[in-house]
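Source file input09.cif; content: mmCIF, C-alpha atoms and all ligand atoms.
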```
data_query
loop_
_atom_site.label_atom_id
_atom_site.label_comp_id
_atom_site.auth_asym_id
_atom_site.auth_seq_id
_atom_site.Cartn_x
_atom_site.Cartn_y
_atom_site.Cartn_z
CA MET A 157 0.00 0.00 0.00
CA LYS A 158 1.24 3.50 -0.81
CA PHE A 159 0.58 6.15 1.81
CA TYR A 160 0.82 9.89 1.16
CA ILE A 161 0.46 12.56 3.83
CA GLU A 162 -0.37 16.02 2.50
CA LYS A 163 -0.56 19.22 4.53
CA ASP A 164 -4.28 19.86 4.22
CA TYR A 165 -7.46 19.18 2.24
CA LYS A 166 -6.21 21.22 -0.72
CA GLY A 167 -2.95 19.30 -0.83
CA MET A 168 -4.81 15.98 -0.58
CA SER A 169 -7.06 16.96 -3.49
CA ARG A 170 -4.15 18.19 -5.60
CA LYS A 171 -2.18 14.99 -5.02
CA ALA A 172 -5.21 12.88 -5.92
CA ALA A 173 -5.71 14.86 -9.13
CA ASP A 174 -2.03 14.51 -10.03
CA LEU A 175 -2.10 10.76 -9.45
CA THR A 176 -5.28 10.18 -11.47
CA ALA A 177 -5.38 12.61 -14.43
CA ASP A 178 -2.81 10.85 -16.61
CA LYS A 179 -4.32 7.46 -15.89
CA ILE A 180 -7.75 8.70 -16.98
CA ASN A 181 -6.32 10.23 -20.16
CA GLN A 182 -4.22 7.23 -21.03
CA LYS A 183 -6.57 4.29 -20.50
CA LYS A 184 -9.06 4.17 -23.36
CA GLY A 185 -12.49 3.24 -22.03
CA MET A 186 -11.50 3.56 -18.40
CA ILE A 187 -14.03 2.35 -15.84
CA LEU A 188 -13.92 4.82 -12.97
CA GLY A 189 -15.46 4.08 -9.57
CA LEU A 190 -16.67 7.23 -7.82
CA ALA A 191 -17.64 8.28 -4.31
CA THR A 192 -19.79 11.10 -2.99
CA GLY A 193 -19.50 13.01 0.31
CA SER A 194 -17.37 16.00 1.28
CA THR A 195 -14.01 14.30 0.76
CA PRO A 196 -13.77 13.94 -3.04
CA ILE A 197 -15.24 17.38 -3.87
CA GLY A 198 -11.78 19.01 -4.03
CA LEU A 199 -10.54 16.26 -6.36
CA TYR A 200 -13.61 16.70 -8.57
CA GLN A 201 -12.94 20.46 -8.71
CA LYS A 202 -9.39 19.76 -9.86
CA TRP A 203 -10.66 17.37 -12.53
CA ILE A 204 -13.14 20.04 -13.69
CA GLU A 205 -10.36 22.67 -13.89
CA LYS A 206 -8.15 20.31 -15.89
CA CYS A 207 -11.04 19.38 -18.16
CA LYS A 208 -11.82 23.07 -18.85
CA LYS A 209 -8.15 23.70 -19.70
CA GLY A 210 -8.19 20.74 -22.11
CA GLU A 211 -5.71 18.75 -20.00
CA LEU A 212 -8.13 15.99 -19.07
CA SER A 213 -10.99 14.32 -20.89
CA PHE A 214 -13.73 11.98 -19.72
CA ARG A 215 -15.05 11.36 -23.25
CA ASP A 216 -14.15 7.67 -23.17
CA VAL A 217 -14.75 7.11 -19.46
CA LYS A 218 -17.57 5.08 -17.94
CA THR A 219 -18.36 5.62 -14.27
CA PHE A 220 -19.96 3.54 -11.53
CA ASN A 221 -20.86 5.24 -8.27
CA LEU A 222 -20.50 3.37 -5.02
CA ASP A 223 -23.85 4.04 -3.47
CA GLU A 224 -27.21 5.78 -3.29
CA TYR A 225 -29.78 6.37 -0.57
CA LEU A 226 -32.71 4.00 -0.78
CA GLY A 227 -36.02 5.79 -1.15
CA LEU A 228 -34.69 9.00 -2.69
CA PRO A 229 -35.62 9.62 -6.32
CA LYS A 230 -32.69 10.89 -8.36
CA GLU A 231 -34.18 14.41 -8.55
CA HIS A 232 -34.09 14.73 -4.73
CA SER A 233 -31.70 17.50 -3.65
CA GLN A 234 -29.75 15.09 -1.40
CA SER A 235 -29.64 12.10 -3.73
CA TYR A 236 -26.17 11.05 -4.76
CA TRP A 237 -27.35 11.34 -8.36
CA THR A 238 -27.94 15.08 -7.80
CA PHE A 239 -24.64 15.39 -5.94
CA MET A 240 -22.71 13.87 -8.85
CA GLN A 241 -24.41 16.08 -11.45
CA GLU A 242 -23.68 19.21 -9.42
CA GLN A 243 -20.18 18.37 -8.23
CA LEU A 244 -18.81 16.74 -11.39
CA PHE A 245 -20.81 15.50 -14.34
CA GLN A 246 -22.40 18.82 -15.41
CA HIS A 247 -18.96 20.39 -15.68
CA ILE A 248 -16.99 17.77 -17.62
CA ASP A 249 -17.15 16.22 -21.07
CA ILE A 250 -18.54 12.84 -19.97
CA ASP A 251 -21.24 11.18 -22.06
CA PRO A 252 -24.26 11.01 -19.69
CA THR A 253 -25.08 7.55 -21.03
CA ASN A 254 -21.77 6.34 -19.56
CA VAL A 255 -22.76 7.25 -16.00
CA ARG A 256 -24.06 4.60 -13.58
CA ILE A 257 -25.42 5.38 -10.11
CA PRO A 258 -27.59 2.92 -8.19
CA CYS A 259 -31.25 3.86 -8.52
CA GLY A 260 -32.64 4.89 -5.12
CA ASP A 261 -36.29 4.39 -6.00
CA HIS A 262 -36.10 1.22 -8.08
CA GLU A 263 -39.23 -0.89 -7.72
CA ASP A 264 -37.14 -4.02 -7.04
CA PRO A 265 -33.95 -2.88 -5.24
CA GLU A 266 -32.62 -6.42 -4.70
CA GLU A 267 -32.86 -7.24 -8.39
CA HIS A 268 -31.40 -3.82 -9.25
CA CYS A 269 -28.35 -4.59 -7.07
CA LYS A 270 -27.78 -7.83 -8.97
CA GLU A 271 -28.10 -6.00 -12.30
CA TYR A 272 -25.65 -3.32 -11.13
CA GLU A 273 -23.05 -5.92 -10.19
CA ARG A 274 -23.62 -7.83 -13.44
CA GLU A 275 -23.08 -4.68 -15.49
CA LEU A 276 -19.94 -3.86 -13.51
CA ASP A 277 -18.57 -7.34 -14.17
CA ALA A 278 -19.58 -7.24 -17.83
CA CYS A 279 -17.51 -4.06 -18.26
CA GLY A 280 -14.49 -5.86 -16.88
CA GLY A 281 -14.69 -4.24 -13.44
CA VAL A 282 -13.53 -0.91 -12.13
CA ASP A 283 -10.06 0.19 -13.27
CA LEU A 284 -9.66 2.98 -10.74
CA GLN A 285 -11.82 3.29 -7.63
CA ILE A 286 -11.97 6.53 -5.61
CA LEU A 287 -12.99 6.04 -1.98
CA GLY A 288 -13.67 8.18 1.06
CA ILE A 289 -13.93 6.66 4.52
CA GLY A 290 -16.50 7.08 7.28
CA ARG A 291 -15.54 7.94 10.86
CA ASN A 292 -16.57 4.38 11.72
CA GLY A 293 -14.31 2.94 9.02
CA HIS A 294 -17.03 2.35 6.45
CA ILE A 295 -16.28 2.43 2.73
CA GLY A 296 -19.16 2.90 0.35
CA PHE A 297 -22.01 2.28 2.77
CA ASN A 298 -20.45 -0.94 4.08
CA GLU A 299 -20.93 -0.34 7.76
CA PRO A 300 -19.09 -2.16 10.59
CA GLY A 301 -20.25 -5.78 10.75
CA GLU A 302 -20.73 -6.14 6.97
CA SER A 303 -19.46 -9.34 5.41
CA PHE A 304 -16.35 -9.06 3.23
CA GLU A 305 -18.20 -11.33 0.77
CA ASN A 306 -20.99 -8.90 -0.13
CA GLU A 307 -21.46 -7.59 -3.64
CA THR A 308 -23.86 -4.73 -4.45
CA HIS A 309 -26.66 -4.93 -1.91
CA VAL A 310 -29.17 -3.08 0.24
CA VAL A 311 -27.83 -2.00 3.65
CA ARG A 312 -29.26 -0.53 6.79
CA LEU A 313 -27.28 2.63 7.60
CA ALA A 314 -25.52 2.78 10.96
CA GLU A 315 -27.13 5.34 13.24
CA ASP A 316 -23.87 7.33 13.56
CA THR A 317 -23.65 7.52 9.74
CA ARG A 318 -27.19 8.92 9.63
CA VAL A 319 -26.30 11.46 12.29
CA VAL A 320 -23.10 12.52 10.46
CA ASN A 321 -24.95 12.79 7.14
CA SER A 322 -27.89 14.67 8.66
CA ARG A 323 -25.82 17.84 8.12
CA PHE A 324 -27.09 17.77 4.52
CA PHE A 325 -30.77 17.34 5.48
CA ASP A 326 -33.17 19.63 7.41
CA ASP A 327 -33.63 17.02 10.09
CA LEU A 328 -32.28 13.59 11.14
CA SER A 329 -35.70 12.07 10.50
CA GLU A 330 -35.29 12.91 6.79
CA VAL A 331 -32.08 10.89 6.41
CA PRO A 332 -32.92 7.57 4.78
CA THR A 333 -32.45 4.48 6.93
CA HIS A 334 -31.22 2.29 4.06
CA ALA A 335 -29.01 2.56 1.01
CA ILE A 336 -27.77 0.58 -1.96
CA THR A 337 -24.02 0.10 -1.93
CA MET A 338 -21.38 -1.75 -3.84
CA GLY A 339 -20.19 -4.39 -1.39
CA LEU A 340 -16.70 -4.92 -0.05
CA LYS A 341 -16.22 -7.77 -2.50
CA SER A 342 -17.28 -5.49 -5.39
CA ILE A 343 -14.86 -2.79 -4.23
CA MET A 344 -12.01 -5.30 -3.91
CA LYS A 345 -12.49 -6.29 -7.58
CA ALA A 346 -11.18 -2.85 -8.63
CA LYS A 347 -7.75 -3.00 -10.23
CA GLU A 348 -6.56 0.09 -8.38
CA ILE A 349 -8.00 1.94 -5.37
CA ILE A 350 -7.29 5.44 -4.09
CA LEU A 351 -8.69 6.27 -0.67
CA LEU A 352 -8.86 9.89 0.47
CA ALA A 353 -9.29 11.16 4.02
CA SER A 354 -9.19 14.60 5.54
CA GLY A 355 -9.54 15.93 9.06
CA ASP A 356 -8.93 14.76 12.64
CA GLU A 357 -12.31 13.09 12.79
CA LYS A 358 -11.00 10.48 10.32
CA SER A 359 -7.74 9.79 12.17
CA GLU A 360 -9.07 6.92 14.28
CA ALA A 361 -10.57 5.22 11.21
CA ILE A 362 -7.27 5.59 9.35
CA TYR A 363 -5.38 4.17 12.32
CA ARG A 364 -7.69 1.15 12.57
CA THR A 365 -7.60 0.63 8.80
CA LEU A 366 -3.81 0.41 8.85
CA PHE A 367 -3.05 -1.12 12.23
CA GLY A 368 -6.21 -2.75 13.57
CA GLU A 369 -7.42 -6.27 12.94
CA ILE A 370 -8.45 -7.00 9.36
CA ASP A 371 -12.07 -7.68 10.13
CA SER A 372 -15.55 -6.38 9.60
CA ASP A 373 -15.41 -4.08 12.66
CA THR A 374 -13.40 -1.77 10.40
CA PRO A 375 -14.63 -2.43 6.86
CA ALA A 376 -11.78 -0.39 5.29
CA SER A 377 -9.23 -2.78 6.84
CA ILE A 378 -10.02 -5.16 3.95
CA LEU A 379 -8.01 -2.80 1.74
CA ARG A 380 -4.82 -4.20 3.30
CA LEU A 381 -5.56 -7.38 1.33
CA HIS A 382 -5.67 -5.51 -2.00
CA PRO A 383 -2.49 -5.39 -4.12
CA ASN A 384 -2.84 -1.84 -5.46
CA VAL A 385 -4.11 0.72 -2.94
CA SER A 386 -2.94 4.27 -2.35
CA MET A 387 -4.11 6.33 0.58
CA ILE A 388 -3.86 10.09 0.39
CA VAL A 389 -4.59 11.76 3.69
CA ASP A 390 -4.01 15.17 5.19
CA GLU A 391 -2.18 15.82 8.44
CA GLY A 392 -5.39 15.77 10.47
CA ALA A 393 -6.38 12.33 9.21
CA ALA A 394 -2.79 11.09 9.63
CA ALA A 395 -2.56 12.30 13.25
CA LYS A 396 -2.70 8.83 14.80
CA VAL A 397 -0.41 7.05 12.32
CA LYS A 398 2.30 9.65 11.85
CA GLY A 399 5.69 8.30 12.85
CA GLN A 400 4.45 4.70 12.49
CA ILE A 401 4.47 4.49 8.70
C1 LIG B 1 -20.07 8.01 -0.27
C2 LIG B 1 -19.31 6.99 0.41
C3 LIG B 1 -18.99 7.10 1.87
C4 LIG B 1 -18.18 8.37 2.17
C5 LIG B 1 -17.89 8.47 3.65
C6 LIG B 1 -17.13 9.73 3.98
O1 LIG B 1 -20.25 7.67 -1.62
O2 LIG B 1 -18.96 6.04 -0.21
O3 LIG B 1 -18.26 5.98 2.27
O4 LIG B 1 -16.99 8.32 1.44
O5 LIG B 1 -19.08 8.45 4.37
O6 LIG B 1 -17.96 10.84 3.77
P1 LIG B 1 -17.38 12.30 3.78
O7 LIG B 1 -16.46 12.41 2.63
O8 LIG B 1 -18.58 13.20 3.64
O9 LIG B 1 -16.68 12.48 5.09
#
```
The structure given in the file should be rewritten as C-alpha cells.
Ligand code: F6R
Amino acid sequence: MKFYIEKDYKGMSRKAADLTADKINQKKGMILGLATGSTPIGLYQKWIEKCKKGELSFRDVKTFNLDEYLGLPKEHSQSYWTFMQEQLFQHIDIDPTNVRIPCGDHEDPEEHCKEYERELDACGGVDLQILGIGRNGHIGFNEPGESFENETHVVRLAEDTRVVNSRFFDDLSEVPTHAITMGLKSIMKAKEIILLASGDEKSEAIYRTLFGEIDSDTPASILRLHPNVSMIVDEGAAAKVKGQI
C-alpha cells in the first residue's frame, strides 16, 4: 500500500488529481469508480479545472458510483445522483449515457443490485476506484459488521452515519435508513483503489484501517488485502499514524 500525507485538504485533493489525471487520459475506455460526500469534492474540482483547460478528458470514461440512498428519487436535492451532477458530471465532457449510479427508488432494489453488479462485471470491473472513509471505518455504505463477501446490496445505515450525514438534510428524521451500496467484494475487484481522508475526525478510522485487525469491525481494513491501494490523507487524518508508517 502506498501512503501519502499532504498538509491539508487542498494538498490531498491536488495529489489525488495529479495521481489520477494521466491514468484517466491514457486508458481508453477507463471504468472509474466514484464516491460522494465531502471528501472527493476538491478532487472533482481539480478534474473540472483540468477538463476546462483541455488537459483531461472523460469522453471515453464510464463511471460507476458506489452508493445511493434507498427511497430518494434521483431528482431529490440530497440524492447522490444530484450530488454527482452538481459536483462533477455537469462540468466535464462525460457522455451522460456512460454514468451509472444505483437507482434509489427502483421498484425491485434487490434485483437492481444484482443488475448493477452484473453490469460492472460485464464491463471488466472498475479500473480505478476513488474512496472516502467514514468515521466508523465504512467504505461505500459498508458499515461495521458487513461481510467481506458482499457484492452490491441493500444495507441498513448505521445510526452514527445517519447522524453525520444529517448535516445535509433539514432534520435527522429525513435521512434515509437504508441505502444501496457496492459491497466490499465489489470494491475489492477494482484494479486500483485510491482512498482519500481529511480531518482529525477520520484519524481513528485511518489508524484502525492500517493497524487494527483486518475484520468487519473496520470495513476499510479489507483494503490491506488488495495489491494496489494508495491512501492520500491530510495531516489531520494522519494524526494517529504519523511516525508509524
Ligand atoms: C459516499 C461513500 C462514503 C463516504 C464516507 C465519507 O459515496 O462512499 O463511504 O466516502 O461516508 O464521507 P465524507 O467524505 O462526507 O466524510
Pull the closest atom pair for each residue of chain A that gets at most 10 Å from ligand LIG 1 (chain B), along with the distance in Å to one decimal, counting only C-alpha atoms and all ligand atoms, ordering rows by chain and then ascending residue number, as CSV.
```
residue,atom,partner,partner_atom,distance
A:Gly189,CA,B:LIG1,O1,10.0
A:Leu190,CA,B:LIG1,O1,7.2
A:Ala191,CA,B:LIG1,O1,3.8
A:Thr192,CA,B:LIG1,O1,3.7
A:Gly193,CA,B:LIG1,O8,3.5
A:Ser194,CA,B:LIG1,O8,3.9
A:Thr195,CA,B:LIG1,O7,3.6
A:Pro196,CA,B:LIG1,O7,6.5
A:Ile197,CA,B:LIG1,O7,8.3
A:Asn221,CA,B:LIG1,O1,7.1
A:Leu222,CA,B:LIG1,O1,5.5
A:Asp223,CA,B:LIG1,O1,5.4
A:Glu224,CA,B:LIG1,O1,7.4
A:Tyr225,CA,B:LIG1,O1,9.7
A:Tyr236,CA,B:LIG1,O1,7.5
A:Phe239,CA,B:LIG1,O1,9.9
A:Met240,CA,B:LIG1,O1,9.8
A:Ile286,CA,B:LIG1,O4,8.8
A:Leu287,CA,B:LIG1,O4,5.7
A:Gly288,CA,B:LIG1,O4,3.3
A:Ile289,CA,B:LIG1,C5,4.4
A:Gly290,CA,B:LIG1,O5,4.1
A:Arg291,CA,B:LIG1,C6,7.3
A:Asn292,CA,B:LIG1,O5,8.8
A:Gly293,CA,B:LIG1,O3,8.4
A:His294,CA,B:LIG1,O3,5.7
A:Ile295,CA,B:LIG1,O3,4.1
A:Gly296,CA,B:LIG1,O2,3.2
A:Phe297,CA,B:LIG1,O3,5.3
A:Asn298,CA,B:LIG1,O3,7.5
A:Glu299,CA,B:LIG1,O3,8.8
A:Thr317,CA,B:LIG1,O5,7.1
A:Arg318,CA,B:LIG1,O5,9.7
A:Val320,CA,B:LIG1,O8,8.2
A:Asn321,CA,B:LIG1,O8,7.3
A:Arg323,CA,B:LIG1,O8,9.7
A:Phe324,CA,B:LIG1,O8,9.7
A:Thr337,CA,B:LIG1,O2,8.0
A:Met338,CA,B:LIG1,O2,8.9
A:Leu351,CA,B:LIG1,O4,8.8
A:Leu352,CA,B:LIG1,O7,8.3
A:Ala353,CA,B:LIG1,O7,7.4
A:Ser354,CA,B:LIG1,O9,7.8
A:Gly355,CA,B:LIG1,O9,8.9
A:Glu357,CA,B:LIG1,O9,8.9
A:Lys358,CA,B:LIG1,O9,8.0
A:Ala376,CA,B:LIG1,O3,9.6
```
For Glu205 of chain A, the nearest of the candidates A:Val255, A:Leu244, A:Val389, A:Leu188, counting only C-alpha atoms
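Of A:Val255, A:Leu244, A:Val389, A:Leu188, the one nearest Glu205 of chain A is A:Leu244, counting only C-alpha atoms.
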Restricting the calculation to all atoms listed in the file, which member of A:Ile187, A:Ile161, A:Leu313, A:Leu175 is positioned closest to Asp277 of chain A?
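Looking only at the distances to Asp277 of chain A, the closest residue turns out to be A:Ile187.
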Considering all atoms listed in the file, return as a PyMOL selection string whatever protein or nucleic-acid residues lie within 12 Å of Gly399 of chain A, sequence-local ones (same chain, fewer than 4 positions apart) excluded.
chain A and resi 161+363+391+394-395
Considering only C-alpha atoms, state which residue in the set A:Arg380, A:Lys166, A:Lys347, A:Arg256 is at the smallest distance from Glu275 of chain A.
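Closest candidate: A:Arg256.
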Find the spatial neighbours of Lys202 of chain A, counting all atoms listed in the file, within a cut-off of 8 Å - ignore same-chain residues fewer than 5 positions away - and output them as a PyMOL selection string.
chain A and resi 169-170+173
So how far away is atom CA of Gly167 of chain A from atom CA of Lys206 of chain A, in Å?
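It comes out at 16.0 Å.
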Have a look at atom CA of Asp174 of chain A and atom CA of Ser359 of chain A and let me know their distance in Å, one decimal.
23.4 Å
By how many Å are atom CA of Gln234 of chain A and atom CA of Phe325 of chain A apart?
7.3 Å
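Among A:Lys209, A:Glu162, A:Pro300, A:Gly260, the residue with the shortest atom-to-atom distance to Gly227 of chain A, counting all atoms listed in the file, is A:Gly260.
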Proximity to His262 of chain A - best of A:Ile250, A:Leu226, A:Leu381, A:Val217, all atoms listed in the file
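Going through A:Ile250, A:Leu226, A:Leu381, A:Val217 one by one, the smallest distance to His262 of chain A is for A:Leu226.
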Using all atoms listed in the file, pick whichever of A:Glu305, A:Ser342, A:Lys230, A:Phe159 has the shortest atom-to-atom distance to Gln400 of chain A.
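Checking each of A:Glu305, A:Ser342, A:Lys230, A:Phe159 against Gln400 of chain A, counting all atoms listed in the file, the winner is A:Phe159.
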Distance query 8 Å from (-12.1, -3.0, -6.5) using only C-alpha atoms, result as a VMD selection string:
chain A and resid 281 to 285 341 to 349
Return the padded bounding box of segment 199-215 of chain A as lines of an AutoDock Vina configuration file: axis-aligned, built from all atoms listed in the file, 8 Å added on each side, with centre and edge lengths in Å to one decimal.
```
center_x = -10.4
center_y = 17.5
center_z = -14.8
size_x = 25.3
size_y = 28.3
size_z = 32.9
```
For Gln182 of chain A, find every residue with an atom within 10 Å (counting all atoms listed in the file), except residues of its own chain fewer than 5 positions away, and show them as a list in words.
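So the residues in contact are Ala177, Leu212 and Ser213 of chain A.
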